[in-house]
$ cat protein_38.txt   # compact mmCIF, C-alpha atoms
# COMPACT_ATOMS: atom_id res chain seq x y z
CA MET A 175 2.86 3.69 14.97
CA LYS A 176 5.81 5.16 13.07
CA ILE A 177 5.87 5.56 9.32
CA MET A 178 8.44 6.51 6.72
CA LYS A 179 8.01 9.78 4.85
CA LEU A 180 7.65 8.78 1.23
CA LYS A 181 6.39 10.57 -1.84
CA LEU A 182 5.99 9.26 -5.34
CA ILE A 183 8.24 10.09 -8.23
CA PRO A 184 5.76 11.40 -10.84
CA ARG A 185 7.41 9.63 -13.79
CA LEU A 186 6.66 6.23 -12.29
CA SER A 187 3.30 4.60 -11.77
CA LEU A 188 2.21 4.24 -8.18
CA GLY A 189 2.56 0.92 -6.49
CA ILE A 190 0.13 -0.45 -3.95
CA SER A 191 1.03 1.37 -0.92
CA CYS A 192 2.37 2.82 -3.42
CA LEU A 193 -1.33 2.16 -4.40
CA ALA A 194 -2.87 1.42 -1.06
CA ILE A 195 -1.10 3.82 1.15
CA GLY A 196 1.05 6.08 -0.89
CA ALA A 197 3.58 8.63 0.12
CA LEU A 198 3.17 9.74 3.74
CA LEU A 199 0.88 6.87 4.61
CA THR A 200 3.27 3.95 4.26
CA GLY A 201 3.24 2.12 7.59
CA CYS A 202 6.23 0.04 8.69
CA GLU A 203 5.54 -2.89 11.02
CA LYS A 204 8.25 -4.64 13.02
CA PRO A 205 8.16 -8.43 12.69
CA THR A 206 9.23 -10.62 15.58
CA GLY A 207 12.70 -12.09 15.45
CA ASN A 208 14.80 -10.39 12.82
CA GLY A 209 13.28 -6.91 12.78
CA ALA A 210 11.31 -4.98 10.16
CA SER A 211 13.86 -2.49 8.97
CA ALA A 212 17.56 -1.88 8.65
CA THR A 213 19.31 1.32 7.59
CA SER A 214 22.90 2.42 7.05
CA ASP A 215 24.79 5.30 5.46
CA SER A 216 27.42 3.00 3.94
CA PRO A 217 25.88 0.05 2.09
CA LYS A 218 27.96 -2.82 0.82
CA GLN A 219 28.56 -2.60 -2.93
CA PRO A 220 26.01 -5.01 -4.43
CA ASN A 221 26.93 -7.84 -6.73
CA ALA A 222 25.71 -6.99 -10.23
CA SER A 223 23.51 -10.09 -10.34
CA MET A 224 21.82 -9.08 -7.08
CA SER A 225 21.30 -5.41 -7.91
CA VAL A 226 17.77 -4.16 -7.42
CA LEU A 227 18.42 -0.71 -8.81
CA ASN A 228 17.17 -1.54 -12.30
CA ASP A 229 14.23 -3.77 -11.41
CA GLY A 230 11.76 -1.20 -12.70
CA VAL A 231 13.44 -0.80 -16.09
CA GLY A 232 11.24 -2.35 -18.73
CA ALA A 233 8.27 -2.74 -16.37
CA LYS A 234 5.16 -3.74 -18.28
CA ALA A 235 1.54 -2.83 -17.65
CA GLY A 236 -0.46 -5.67 -16.15
CA ARG A 237 -3.97 -6.27 -14.85
CA VAL A 238 -4.71 -8.54 -11.89
CA GLU A 239 -8.24 -9.76 -11.10
CA ASN A 240 -9.84 -11.51 -8.11
CA MET A 241 -7.99 -9.30 -5.60
CA HIS A 242 -10.75 -8.41 -3.12
CA LEU A 243 -9.54 -9.03 0.46
CA THR A 244 -6.17 -10.39 -0.63
CA ARG A 245 -3.53 -10.29 2.11
CA PHE A 246 -0.22 -8.74 1.04
CA ILE A 247 2.97 -7.03 2.14
CA GLU A 248 5.37 -4.63 0.51
CA ILE A 249 9.15 -4.54 0.88
CA PHE A 250 11.13 -1.33 0.37
CA PHE A 251 14.83 -1.04 -0.53
CA ALA A 252 16.25 2.45 -0.02
CA HIS A 253 19.24 3.77 -1.96
CA ARG A 254 20.52 6.97 -3.54
CA ASP A 255 19.54 7.78 -7.09
CA ALA A 256 22.66 7.63 -9.24
CA LYS A 257 21.78 10.85 -11.10
CA THR A 258 20.35 13.09 -8.38
CA GLY A 259 21.85 11.68 -5.20
CA LYS A 260 18.39 11.80 -3.63
CA LEU A 261 17.10 8.91 -1.55
CA VAL A 262 14.62 6.64 -3.31
CA ALA A 263 13.11 3.26 -2.51
CA GLU A 264 12.26 0.34 -4.76
CA CYS A 265 8.87 -1.13 -3.82
CA TYR A 266 8.02 -4.85 -4.15
CA ASN A 267 4.50 -6.21 -3.67
CA THR A 268 3.46 -9.84 -3.14
CA MET A 269 0.18 -9.54 -5.09
CA PHE A 270 1.69 -8.95 -8.52
CA THR A 271 3.82 -12.06 -9.10
CA SER A 272 3.62 -14.54 -11.95
CA LYS A 273 1.83 -16.97 -9.61
CA GLY A 274 -1.23 -14.75 -9.49
CA ILE A 275 -3.68 -14.57 -6.59
CA PRO A 276 -3.93 -17.94 -4.76
CA ALA A 277 -7.23 -19.51 -3.76
CA SER A 278 -6.42 -18.69 -0.12
CA LYS A 279 -6.10 -14.96 -0.99
CA ASP A 280 -2.94 -14.95 1.15
CA THR A 281 0.16 -13.80 -0.72
CA ALA A 282 2.09 -13.18 2.51
CA PRO A 283 1.81 -16.12 4.96
CA GLN A 284 2.46 -15.05 8.55
CA ALA A 285 5.36 -17.45 9.21
CA LEU A 286 7.23 -16.29 6.11
CA VAL A 287 6.68 -12.62 6.92
CA GLU A 288 7.92 -13.08 10.48
CA GLY A 289 11.02 -14.79 9.09
CA LEU A 290 12.08 -11.84 6.93
CA ASP A 291 15.57 -10.65 7.90
CA PHE A 292 15.85 -7.01 6.86
CA ALA A 293 19.41 -6.57 8.10
CA LYS A 294 20.45 -9.49 5.91
CA MET A 295 18.53 -8.13 2.92
CA LYS A 296 20.16 -4.71 3.31
CA THR A 297 23.59 -6.30 3.10
CA GLU A 298 22.71 -8.84 0.42
CA TYR A 299 21.27 -6.24 -1.95
CA GLY A 300 23.73 -3.49 -1.07
CA VAL A 301 21.11 -0.88 -0.15
CA LEU A 302 20.92 1.82 2.52
CA GLY A 303 17.82 0.40 4.14
CA ALA A 304 15.19 -2.34 3.94
CA SER A 305 11.72 -2.13 5.49
CA LEU A 306 8.23 -3.64 5.56
CA ASN A 307 4.70 -2.36 4.96
CA GLY A 308 1.82 -4.53 6.17
CA PRO A 309 0.45 -7.09 6.23
CA LYS A 310 -2.68 -5.52 4.79
CA LEU A 311 -5.87 -6.57 2.99
CA TRP A 312 -6.54 -5.12 -0.47
CA THR A 313 -10.22 -4.31 -1.05
CA PRO A 314 -10.50 -3.52 -4.81
CA ASP A 315 -11.44 -6.40 -7.12
CA TRP A 316 -8.89 -5.56 -9.82
CA THR A 317 -5.83 -3.39 -10.40
CA GLU A 318 -3.88 -2.22 -13.45
CA ILE A 319 -0.25 -1.32 -12.71
CA ASP A 320 3.27 -1.46 -14.18
CA ILE A 321 5.05 -4.64 -13.04
CA GLY A 322 8.82 -5.15 -13.07
CA VAL A 323 11.31 -7.79 -11.91
CA GLU A 324 10.07 -10.51 -9.57
CA ARG A 325 12.25 -11.53 -6.61
CA GLU A 326 12.01 -13.98 -3.72
CA PHE A 327 12.55 -13.07 -0.07
CA ASN A 328 12.54 -15.87 2.52
CA GLY A 329 10.24 -17.90 0.28
CA LEU A 330 7.97 -14.92 -0.44
CA LYS A 331 7.79 -13.85 -4.06
CA ALA A 332 7.23 -10.15 -4.71
CA ALA A 333 7.31 -8.05 -7.87
CA TRP A 334 8.63 -4.52 -8.38
CA VAL A 335 5.73 -2.07 -8.68
CA ALA A 336 7.12 1.41 -8.00
CA GLN A 337 10.03 3.62 -7.02
CA LEU A 338 9.36 6.12 -4.24
CA SER A 339 11.17 9.31 -3.31
CA MET A 340 12.19 9.45 0.36
CA GLY A 341 13.30 13.06 0.54
CA ASP A 342 16.61 13.65 2.31
CA ASN A 343 16.44 11.23 5.21
CA ALA A 344 16.49 7.43 4.90
CA GLY A 345 15.53 7.02 8.52
CA GLY A 346 13.00 9.84 8.66
CA VAL A 347 9.80 8.91 10.44
CA SER A 348 6.73 10.83 11.57
CA GLU A 349 3.17 10.31 12.70
CA THR A 350 0.35 10.28 10.20
CA THR A 351 -2.52 12.70 10.67
CA PRO A 352 -5.79 10.74 10.54
CA TYR A 353 -8.49 12.07 8.23
CA GLN A 354 -6.10 14.47 6.50
CA PRO A 355 -6.46 14.32 2.67
CA THR A 356 -3.12 13.85 0.90
CA PRO A 357 -2.51 14.36 -2.85
CA ILE A 358 -0.16 11.84 -4.49
CA ALA A 359 1.01 11.15 -8.04
CA ARG A 360 -0.58 7.97 -9.38
CA LYS A 361 -1.33 6.58 -12.83
CA SER A 362 -2.56 3.11 -11.89
CA ALA A 363 -6.22 2.13 -12.21
CA LEU A 364 -8.34 -0.05 -9.95
CA GLY A 365 -11.95 -0.94 -9.35
CA TRP A 366 -14.67 -2.63 -7.34
CA ASN A 367 -17.20 -4.87 -9.07
CA LYS A 368 -20.97 -4.78 -8.81
CA GLY A 369 -22.01 -6.79 -5.75
CA THR A 370 -18.82 -6.10 -3.77
CA THR A 371 -19.37 -4.77 -0.26
CA VAL A 372 -17.34 -1.61 0.37
CA LEU A 373 -16.57 0.49 3.45
CA LEU A 374 -17.15 4.23 3.11
CA LEU A 375 -16.53 7.43 5.02
CA ASP A 376 -18.68 10.49 4.25
CA ASP A 377 -16.98 13.70 5.37
CA ALA A 378 -18.60 16.94 6.49
CA GLU A 379 -18.02 18.55 3.08
CA GLY A 380 -20.03 15.93 1.21
CA ASN A 381 -17.11 13.86 -0.08
CA THR A 382 -17.18 10.06 0.04
CA TRP A 383 -14.02 8.05 0.72
CA ILE A 384 -13.68 4.32 -0.01
CA LEU A 385 -11.48 2.02 2.08
CA LYS A 386 -8.79 0.53 -0.13
CA GLY A 387 -6.15 -0.94 2.21
CA PHE A 388 -7.20 -2.56 5.50
CA GLN A 389 -4.44 -2.55 8.11
CA MET A 390 -3.73 -5.93 9.74
CA GLY A 391 -0.15 -5.66 10.95
CA LEU A 392 1.80 -8.59 12.34
CA LYS A 393 -0.32 -8.83 15.47
CA PRO A 394 -3.93 -8.13 14.41
CA GLN A 395 -6.26 -6.87 17.12
CA TYR A 396 -9.40 -7.76 15.16
CA THR A 397 -10.48 -9.28 11.85
CA TYR A 398 -11.85 -7.45 8.84
CA GLU A 399 -15.27 -8.95 9.55
CA GLN A 400 -15.16 -7.72 13.16
CA PHE A 401 -14.19 -4.25 11.98
CA VAL A 402 -17.14 -4.16 9.58
CA ALA A 403 -19.56 -5.43 12.23
CA ALA A 404 -18.43 -2.86 14.81
CA GLY A 405 -19.37 -0.02 12.48
CA GLN A 406 -19.04 3.62 13.45
CA SER A 407 -18.98 2.90 17.20
CA GLN A 408 -15.30 1.90 17.03
CA PHE A 409 -14.19 5.25 15.59
CA LYS A 410 -13.04 7.50 18.44
CA LYS A 411 -11.39 10.29 16.43
CA LEU A 412 -13.85 10.71 13.56
CA PRO A 413 -14.22 14.46 12.84
CA PRO A 414 -17.59 16.10 13.57
CA GLY A 415 -20.11 15.52 10.81
CA TRP A 416 -18.33 12.45 9.41
CA LYS A 417 -20.13 9.11 8.99
CA PHE A 418 -19.00 5.52 8.42
CA ARG A 419 -21.21 3.23 6.36
CA VAL A 420 -21.17 -0.11 4.56
CA LYS A 421 -22.62 -0.52 1.08
CA THR A 422 -23.01 -3.32 -1.46
CA LEU A 423 -22.36 -1.80 -4.88
CA ASP A 424 -25.23 -1.92 -7.37
CA ARG A 425 -22.83 -1.22 -10.26
CA ASP A 426 -19.10 -1.33 -10.99
CA LEU A 427 -16.97 1.43 -9.48
CA ASN A 428 -13.92 2.30 -11.60
CA GLU A 429 -11.09 4.54 -10.44
CA LYS A 430 -8.32 6.23 -12.42
CA PRO A 431 -7.14 9.65 -11.20
CA GLU A 432 -7.33 12.45 -13.76
CA GLY A 433 -4.03 14.13 -14.55
CA GLY A 434 -2.09 11.43 -12.69
CA MET A 435 -2.95 12.89 -9.25
CA ALA A 436 -4.96 11.02 -6.62
CA THR A 437 -6.26 12.06 -3.20
CA ILE A 438 -5.94 9.55 -0.37
CA MET A 439 -6.42 9.56 3.40
CA ALA A 440 -5.72 7.38 6.45
CA ASP A 441 -8.05 6.84 9.38
CA GLU A 442 -7.09 6.38 13.04
CA PHE A 443 -6.51 2.64 12.44
CA PHE A 444 -4.03 3.22 9.57
CA ASN A 445 -6.55 1.97 7.04
CA VAL A 446 -6.21 3.84 3.76
CA TYR A 447 -9.03 5.40 1.73
CA ASP A 448 -9.33 6.93 -1.74
CA LYS A 449 -11.53 9.90 -2.49
CA THR A 450 -14.34 9.09 -4.93
CA GLY A 451 -16.26 11.16 -7.45
CA PRO A 452 -15.08 13.74 -10.03
CA GLY A 453 -11.38 13.48 -10.83
CA MET A 454 -11.02 10.10 -9.11
CA SER A 455 -13.79 7.64 -10.02
CA ASP A 456 -16.72 7.36 -12.41
CA TYR A 457 -19.21 8.06 -9.61
CA LYS A 458 -19.53 8.60 -5.86
CA PRO A 459 -21.02 5.53 -4.10
$ encode --input "protein_38.txt" --output "structure tokens"
Amino acid sequence: MKIMKLKLIPRLSLGISCLAIGALLTGCEKPTGNGASATSDSPKQPNASMSVLNDGVGAKAGRVENMHLTRFIEIFFAHRDAKTGKLVAECYNTMFTSKGIPASKDTAPQALVEGLDFAKMKTEYGVLGASLNGPKLWTPDWTEIDIGVEREFNGLKAAWVAQLSMGDNAGGVSETTPYQPTPIARKSALGWNKGTTVLLLDDAEGNTWILKGFQMGLKPQYTYEQFVAAGQSQFKKLPPGWKFRVKTLDRDLNEKPEGGMATIMADEFFNVYDKTGPGMSDYKP
């Protein structure tokens, strides 16, 4: 699976993949039909009313509850920063709209996601590229994050949650390295409530990692429940001394990285984990 090389701009709070994936771990799935991404070196000049370049200006801090196992996607619009000329991407997430989390916990219905036309969006919004992350399941129960302008794409509402730096190549892709810790800039807070069942990886150095974003993709090979039931037997590339376990929390687990820097990691299935313990969360589960 190919992914875009992204890193966070420190002055902005981290979005969900953004939050859930972050930087190098932002997976891009290709939907059937219209395609999952579109890039160009010469974007059409956007109409002022359609411009997405200022959607993060005036973003306000918000807290969303009842998020555990919510299905979501993120949409990225790449363009050059007017001041630096560097490539950046505006990130929109379907979980942080004014509608809130629906009873179905599905903020990105399959039919609507498959109908997204990224070539059309690239032209309509006058950007260098448009791409998709997800669908994924979000495992924390709540999240605090800066939320900007809300837009609608093919019937899907999504709110601005971050701006990412893409380095020097809008089309740059590379493979992730499973089980490789990655530091990212992040100010957002999130947490799991007492009684929530969490998925954990214990590494050989004694660190515990908590699964935050469960990868579904457009053509899921298994459900979340099947993944949990399969346990460690399904992991084929787990490093020596590592262990997978499932735990029901006996108290709340709260996470807010100290100094605005978080440590995250992907597994071989493109699920994303956060490190727990000192500097990341109030305890190690």
$ atom_distance --input "protein_38.txt" --atom1 "CA of Gly322 in chain A" --atom2 "CA of Asp280 in chain A"
20.9 Å
$ closest_atom_pairs --input "protein_38.txt" --of "range 409-433 of chain A" --to "range 375-392 of chain A" --cutoff "10 Å" --atoms "only C-alpha atoms" --output "tab-separated table"
residue	atom	partner	partner_atom	distance
A:Leu412	CA	A:Asp377	CA	9.3
A:Pro413	CA	A:Asp377	CA	8.0
A:Pro414	CA	A:Ala378	CA	7.2
A:Gly415	CA	A:Ala378	CA	4.8
A:Trp416	CA	A:Asp377	CA	4.4
A:Lys417	CA	A:Asp376	CA	5.1
A:Phe418	CA	A:Leu375	CA	4.6
A:Arg419	CA	A:Leu375	CA	6.4
A:Val420	CA	A:Leu375	CA	8.9
$ closest_residue --input "protein_38.txt" --among "A:Ser362, A:Ala404, A:Phe409, A:Pro355" --to "Met439 in chain A" --atoms "all atoms listed in the file"
A:Pro355
$ closest_residue --input "protein_38.txt" --among "A:Ile275, A:Cys265, A:Leu427, A:Ala285" --to "Trp366 in chain A" --atoms "all atoms listed in the file"
A:Leu427
$ atom_distance --input "protein_38.txt" --atom1 "CA of Phe327 in chain A" --atom2 "CA of Met295 in chain A"
8.3 Å
$ atom_distance --input "protein_38.txt" --atom1 "CA of Lys296 in chain A" --atom2 "CA of Val335 in chain A"
18.9 Å
